[in-house]
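K.L.:
Pasting start02.csv below, which is CSV, C-alpha atoms.
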```
chain,number,residue,atom,x,y,z
A,1,MET,CA,0.0,0.0,0.0
A,2,SER,CA,1.5,3.3,-1.2
A,3,ARG,CA,1.0,6.3,1.1
A,4,ASN,CA,1.8,10.0,0.7
A,5,THR,CA,2.5,11.3,4.1
A,6,ALA,CA,1.6,14.9,3.4
A,7,ASP,CA,-1.0,16.6,5.7
A,8,LYS,CA,-4.4,15.0,5.2
A,9,GLY,CA,-6.1,18.4,5.4
A,10,ASN,CA,-8.8,19.7,7.6
A,11,PHE,CA,-11.9,18.0,6.3
A,12,GLY,CA,-15.3,19.0,7.5
A,13,SER,CA,-18.4,16.8,7.9
A,14,ASP,CA,-20.8,18.7,5.7
A,15,GLY,CA,-21.1,15.8,3.1
A,16,ALA,CA,-19.4,17.7,0.3
A,17,ILE,CA,-17.0,15.8,-1.9
A,18,LYS,CA,-13.5,15.9,-0.3
A,19,ALA,CA,-11.7,13.0,-2.1
A,20,VAL,CA,-11.7,11.5,-5.5
A,21,ILE,CA,-10.8,7.8,-5.8
A,22,PHE,CA,-9.7,6.3,-9.1
A,23,ASP,CA,-9.7,2.8,-10.5
A,24,CYS,CA,-6.5,2.2,-12.4
A,25,ASP,CA,-6.9,0.0,-15.5
A,26,GLY,CA,-9.2,1.7,-18.0
A,27,VAL,CA,-9.4,4.9,-16.0
A,28,ILE,CA,-5.8,6.1,-15.2
A,29,VAL,CA,-4.2,4.0,-18.0
A,30,ASP,CA,-5.4,2.3,-21.1
A,31,SER,CA,-4.2,-1.2,-20.4
A,32,ARG,CA,-6.0,-3.4,-22.8
A,33,ALA,CA,-3.0,-4.0,-24.9
A,34,ALA,CA,-0.9,-4.9,-21.9
A,35,ASN,CA,-3.6,-7.2,-20.5
A,36,ALA,CA,-3.9,-8.9,-23.8
A,37,SER,CA,-0.2,-9.5,-24.0
A,38,LEU,CA,0.1,-10.8,-20.5
A,39,TYR,CA,-2.8,-13.3,-20.6
A,40,ASN,CA,-2.0,-14.4,-24.1
A,41,GLN,CA,1.5,-15.4,-22.9
A,42,PHE,CA,-0.2,-17.6,-20.3
A,43,LEU,CA,-2.6,-19.1,-22.8
A,44,SER,CA,0.2,-19.7,-25.3
A,45,HIS,CA,2.3,-21.5,-22.6
A,46,PHE,CA,-0.6,-23.9,-22.2
A,47,ASN,CA,-1.2,-24.3,-25.9
A,48,LYS,CA,-4.6,-22.5,-25.6
A,49,GLU,CA,-6.2,-20.1,-28.1
A,50,ALA,CA,-5.6,-16.4,-27.7
A,51,LEU,CA,-8.1,-14.2,-25.8
A,52,ASN,CA,-11.4,-13.5,-27.4
A,53,GLU,CA,-13.2,-10.2,-26.7
A,54,ASP,CA,-15.3,-11.5,-23.8
A,55,GLN,CA,-12.2,-12.9,-22.1
A,56,LEU,CA,-10.3,-9.7,-22.5
A,57,ASN,CA,-13.2,-7.8,-21.0
A,58,TYR,CA,-13.1,-10.0,-18.0
A,59,VAL,CA,-9.4,-9.9,-17.3
A,60,HIS,CA,-9.4,-6.2,-17.8
A,61,CYS,CA,-11.4,-5.6,-14.6
A,62,HIS,CA,-10.5,-8.6,-12.4
A,63,THR,CA,-7.5,-9.6,-10.3
A,64,LEU,CA,-4.7,-11.8,-11.7
A,65,GLN,CA,-5.9,-14.8,-9.6
A,66,GLU,CA,-9.5,-14.4,-10.7
A,67,SER,CA,-8.5,-14.0,-14.3
A,68,LEU,CA,-6.3,-17.2,-14.2
A,69,LYS,CA,-9.1,-19.1,-12.7
A,70,PHE,CA,-11.5,-17.8,-15.3
A,71,LEU,CA,-9.2,-18.7,-18.2
A,72,LEU,CA,-7.5,-21.9,-17.0
A,73,GLY,CA,-9.9,-23.4,-14.5
A,74,ASP,CA,-7.6,-26.3,-13.4
A,75,ASP,CA,-5.8,-25.6,-10.1
A,76,SER,CA,-2.5,-27.2,-11.3
A,77,LEU,CA,-2.4,-24.9,-14.4
A,78,ILE,CA,-3.2,-21.9,-12.2
A,79,ARG,CA,-0.3,-22.7,-9.9
A,80,GLU,CA,2.0,-23.0,-12.8
A,81,ALA,CA,0.8,-19.7,-14.3
A,82,GLU,CA,1.4,-18.0,-11.0
A,83,ARG,CA,4.9,-19.3,-10.9
A,84,LEU,CA,5.4,-18.0,-14.4
A,85,TRP,CA,4.1,-14.6,-13.3
A,86,GLN,CA,6.6,-14.5,-10.4
A,87,ASP,CA,9.5,-15.0,-12.8
A,88,MET,CA,8.2,-12.8,-15.6
A,89,ASP,CA,9.8,-9.6,-16.7
A,90,TYR,CA,6.8,-7.3,-16.7
A,91,GLU,CA,8.6,-4.2,-17.8
A,92,PRO,CA,7.6,-4.8,-21.4
A,93,LEU,CA,4.0,-4.8,-20.2
A,94,ILE,CA,4.4,-1.5,-18.5
A,95,GLU,CA,5.7,-0.1,-21.8
A,96,LEU,CA,2.4,-1.0,-23.4
A,97,LEU,CA,0.4,1.2,-21.0
A,98,THR,CA,-0.7,4.8,-22.0
A,99,LEU,CA,-2.2,7.5,-19.8
A,100,GLN,CA,-5.7,8.4,-20.5
A,101,PRO,CA,-6.1,11.8,-22.3
A,102,GLY,CA,-6.5,14.7,-20.0
A,103,LEU,CA,-5.6,12.8,-16.8
A,104,MET,CA,-2.5,14.8,-15.8
A,105,GLU,CA,-4.2,18.2,-16.4
A,106,CYS,CA,-7.2,16.9,-14.3
A,107,LEU,CA,-4.9,15.7,-11.5
A,108,GLU,CA,-3.1,19.1,-11.4
A,109,LEU,CA,-6.5,20.8,-10.8
A,110,LEU,CA,-7.8,18.2,-8.3
A,111,ARG,CA,-4.7,18.3,-6.1
A,112,ARG,CA,-5.4,22.0,-5.3
A,113,HIS,CA,-8.8,21.2,-3.7
A,114,TYR,CA,-9.2,17.5,-3.2
A,115,LYS,CA,-7.5,14.4,-1.8
A,116,THR,CA,-6.9,11.7,-4.4
A,117,ALA,CA,-6.4,8.0,-4.1
A,118,ILE,CA,-6.4,4.8,-6.2
A,119,ALA,CA,-8.3,1.5,-5.4
A,120,THR,CA,-7.1,-1.1,-8.0
A,121,SER,CA,-7.1,-4.8,-8.7
A,122,ARG,CA,-3.5,-4.6,-9.8
A,123,THR,CA,-0.8,-6.3,-7.7
A,124,ARG,CA,3.0,-6.1,-8.1
A,125,THR,CA,3.0,-4.0,-11.2
A,126,MET,CA,1.4,-0.9,-9.6
A,127,GLY,CA,4.7,0.5,-8.2
A,128,GLN,CA,6.3,0.4,-11.6
A,129,LEU,CA,3.3,2.0,-13.2
A,130,LEU,CA,3.3,4.9,-10.8
A,131,GLU,CA,7.1,5.4,-11.3
A,132,ARG,CA,6.9,5.2,-15.1
A,133,PHE,CA,4.3,8.0,-15.3
A,134,GLU,CA,5.6,9.9,-12.3
A,135,LEU,CA,2.2,9.7,-10.6
A,136,ASN,CA,3.3,9.2,-6.9
A,137,PRO,CA,3.0,12.9,-6.0
A,138,TYR,CA,-0.6,13.0,-7.2
A,139,PHE,CA,-2.1,10.4,-4.9
A,140,ASP,CA,-2.4,10.4,-1.1
A,141,LEU,CA,-2.9,6.6,-1.0
A,142,VAL,CA,-2.8,3.7,-3.4
A,143,VAL,CA,-4.5,0.4,-2.4
A,144,THR,CA,-3.9,-2.6,-4.6
A,145,SER,CA,-5.4,-6.1,-4.2
A,146,LEU,CA,-2.3,-7.1,-2.3
A,147,ASP,CA,-3.2,-4.6,0.4
A,148,VAL,CA,-6.6,-6.1,1.2
A,149,HIS,CA,-8.0,-9.4,2.3
A,150,HIS,CA,-11.0,-9.0,-0.1
A,151,PRO,CA,-10.4,-7.5,-3.6
A,152,LYS,CA,-13.0,-5.6,-5.5
A,153,PRO,CA,-16.0,-5.6,-5.7
A,154,HIS,CA,-15.6,-6.0,-1.9
A,155,PRO,CA,-15.5,-2.4,-0.6
A,156,GLU,CA,-12.4,-3.1,1.6
A,157,SER,CA,-10.0,-1.1,-0.6
A,158,VAL,CA,-12.3,1.9,-0.7
A,159,ASN,CA,-13.0,1.7,3.0
A,160,LYS,CA,-9.2,1.7,3.7
A,161,ILE,CA,-9.0,4.9,1.8
A,162,LEU,CA,-11.9,6.5,3.6
A,163,SER,CA,-10.4,5.5,6.9
A,164,TYR,CA,-6.9,6.8,6.0
A,165,LEU,CA,-8.3,10.2,4.9
A,166,ASP,CA,-10.7,10.3,7.9
A,167,ILE,CA,-13.7,11.0,5.7
A,168,THR,CA,-17.2,9.5,5.4
A,169,PRO,CA,-18.5,7.7,2.3
A,170,ASP,CA,-20.6,10.7,1.3
A,171,GLU,CA,-17.4,12.8,1.1
A,172,ALA,CA,-15.9,10.7,-1.6
A,173,CYS,CA,-16.5,9.6,-5.2
A,174,TYR,CA,-15.1,6.7,-7.1
A,175,ILE,CA,-14.3,6.8,-10.8
A,176,GLY,CA,-14.4,3.4,-12.6
A,177,ASP,CA,-15.1,1.9,-16.0
A,178,SER,CA,-16.5,-1.6,-15.1
A,179,ASP,CA,-19.4,-3.2,-13.3
A,180,VAL,CA,-16.9,-4.4,-10.7
A,181,ASP,CA,-16.1,-0.7,-10.0
A,182,ARG,CA,-19.8,0.2,-9.9
A,183,GLU,CA,-20.5,-2.6,-7.3
A,184,THR,CA,-17.4,-1.6,-5.3
A,185,SER,CA,-18.6,2.0,-5.1
A,186,GLU,CA,-22.2,0.9,-4.3
A,187,ARG,CA,-21.1,-1.4,-1.5
A,188,ALA,CA,-18.8,1.3,0.0
A,189,GLY,CA,-21.6,3.9,-0.2
A,190,VAL,CA,-19.6,6.4,-2.3
A,191,LEU,CA,-20.8,8.3,-5.3
A,192,PHE,CA,-20.0,6.5,-8.6
A,193,ILE,CA,-18.8,8.2,-11.7
A,194,ALA,CA,-18.5,6.0,-14.8
A,195,TYR,CA,-15.6,6.7,-17.2
A,196,CYS,CA,-16.1,5.9,-20.9
A,197,ASN,CA,-18.8,3.4,-20.3
A,198,GLU,CA,-22.3,4.6,-20.9
A,199,GLU,CA,-23.8,1.2,-20.1
A,200,LEU,CA,-22.9,1.4,-16.5
A,201,LYS,CA,-25.5,2.6,-13.9
A,202,ALA,CA,-23.9,5.7,-12.4
A,203,ALA,CA,-24.6,9.1,-10.9
A,204,HIS,CA,-22.6,10.6,-13.7
A,205,HIS,CA,-20.9,9.6,-16.9
A,206,VAL,CA,-17.7,11.2,-18.3
A,207,SER,CA,-16.0,10.4,-21.6
A,208,HIS,CA,-13.0,12.7,-20.9
A,209,PHE,CA,-11.4,14.0,-17.8
A,210,ASP,CA,-12.1,17.6,-18.6
A,211,GLU,CA,-15.8,16.7,-17.8
A,212,LEU,CA,-15.0,15.7,-14.2
A,213,ILE,CA,-14.3,19.1,-12.6
A,214,PRO,CA,-17.7,20.6,-13.5
A,215,ILE,CA,-19.4,17.5,-12.0
A,216,LEU,CA,-17.4,17.8,-8.7
A,217,LYS,CA,-18.3,21.5,-8.4
A,218,GLN,CA,-21.9,20.4,-8.0
A,219,TYR,CA,-20.9,18.7,-4.7
A,220,SER,CA,-18.1,20.8,-3.3
A,221,ARG,CA,-16.6,24.3,-3.9
A,222,MET,CA,-13.3,24.7,-5.7
```
Could you write out this file's structure as structure tokens?

P.N.:
Amino acid sequence: MSRNTADKGNFGSDGAIKAVIFDCDGVIVDSRAANASLYNQFLSHFNKEALNEDQLNYVHCHTLQESLKFLLGDDSLIREAERLWQDMDYEPLIELLTLQPGLMECLELLRRHYKTAIATSRTRTMGQLLERFELNPYFDLVVTSLDVHHPKPHPESVNKILSYLDITPDEACYIGDSDVDRETSERAGVLFIAYCNEELKAAHHVSHFDELIPILKQYSRM
């Protein structure tokens, strides 16, 4: 769990939005190419066909362990795939990631008025991702699936962030792009904003980060 030890701020209890929590894959970064490369390596090792679109959609928003179970099923294959993952050089996968358009400009504005955090299903690669894009200064806390007993859609990751920032659920929003994110947000009791996915049930939908600030202004003053 990555923490920024800067002053948490002096939050009130008026219910206004004080913190913005982000999913990572599909929201902070476009990771579909990296996910496809990773899981196709596993499938190729076991002489299985490459990912189809439905499989790619699944692995895009689930943990490594959940995705391996979904793709491989057999426990012995899963254990072997996990061993492969431990020995894998995942720097080439990081190189396939790209930041979402407008993210950095949005973060610059957000950091003037809000606390920011990440709740992600990523595991060991999160640190490299943050370093590659120099994102560490922009987030007060980063919670991966390695930092919780129960990964998303269980609300534990979001609850950890709320506790660390000493805020209530109605003082935060969660930005995600999948039904897993929607359920996580719902179970944590925080406002859900859907990113680039009009099919999700959400309080608001955004297709670009320049649309986020006007939405937040409805809930808190900037």

K.L.:
Measuring atom to atom with all atoms listed in the file, identify which of A:Val206, A:Leu96, A:Ala16, A:Leu107 is nearest to Leu38 (chain A).

P.N.:
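Using all atoms listed in the file, the shortest distance to Leu38 (chain A) belongs to A:Leu96.
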
K.L.:
What is the distance between CA of Ser163 (chain A) and CA of Arg124 (chain A), in Å to one decimal?

P.N.:
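About the pair CA of Ser163 (chain A) and CA of Arg124 (chain A): they are 23.2 Å apart.
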
K.L.:
Give me the residues within 10 Å of Ser37 (chain A) as a list in words, counting only C-alpha atoms and dropping any in the same chain fewer than 2 places off.

P.N.:
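Neighbouring residues, sequence-local ones excluded: Ser31, Arg32, Ala33, Ala34, Asn35, Tyr39, Asn40, Gln41, Phe42, Leu43, Ala50, Leu51, Pro92, Leu93 and Leu96 of chain A.
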
K.L.:
Can you tell me which residues surround Ser178 (chain A) at a distance of at most 9 Å, considering all atoms listed in the file, apart from same-chain residues fewer than 2 positions away, and format the answer as a list of chain:residue names?

P.N.:
A:Gly26, A:His60, A:Cys61, A:Gly176, A:Val180, A:Asp181, A:Arg182, A:Glu183, A:Ala194, A:Tyr195, A:Asn197, A:Leu200

K.L.:
May I ask for the distance between CA of Asp89 (chain A) and CA of Phe139 (chain A), given in Å to one decimal place?

P.N.:
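Calculated distance between CA of Asp89 (chain A) and CA of Phe139 (chain A) is 26.1 Å.
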
K.L.:
Looking at all atoms listed in the file, which of A:Ala172, A:Ile78, A:Val190, A:Leu68 is the one that sits closest to Lys115 (chain A)?

P.N.:
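Using all atoms listed in the file, Lys115 (chain A) sits closest to A:Ala172.
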
K.L.:
Would you compute the distance between CA of Leu109 (chain A) and CA of Lys201 (chain A)? Give it in Å to one decimal.

P.N.:
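Interatomic distance, CA of Leu109 (chain A) to CA of Lys201 (chain A): 26.5 Å.
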
K.L.:
If you count only C-alpha atoms, which residues fall within 7 Å of Ser145 (chain A), apart from same-chain ones fewer than 2 positions away, as a ChimeraX atom specification?

P.N.:
/A:120-123,143,147-148,151

K.L.:
Calculated over only C-alpha atoms, which of the candidates A:Asp75, A:Leu165, A:Ile213, A:Val29 has the smallest distance to Arg132 (chain A)?

P.N.:
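Smallest separation from Arg132 (chain A) among the options: A:Val29.
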
K.L.:
Could you pull the residues within 6 Å of Ile193 (chain A), counting all atoms listed in the file, minus those fewer than 5 positions along the same chain, as a count of residues only?

P.N.:
5

K.L.:
So which one's closest to Ser185 (chain A), A:Phe70, A:Phe46, A:Ile21, A:Gln65? Using all atoms listed in the file, please.

P.N.:
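Between A:Phe70, A:Phe46, A:Ile21, A:Gln65, the residue approaching Ser185 (chain A) most closely is A:Ile21.
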
K.L.:
Point out the residue among A:Thr63, A:Pro137, A:Glu199, A:Glu80 with the least atom-to-atom distance to Lys152 (chain A), counting all atoms listed in the file.

P.N.:
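For Lys152 (chain A), the nearest of the candidates is A:Thr63.
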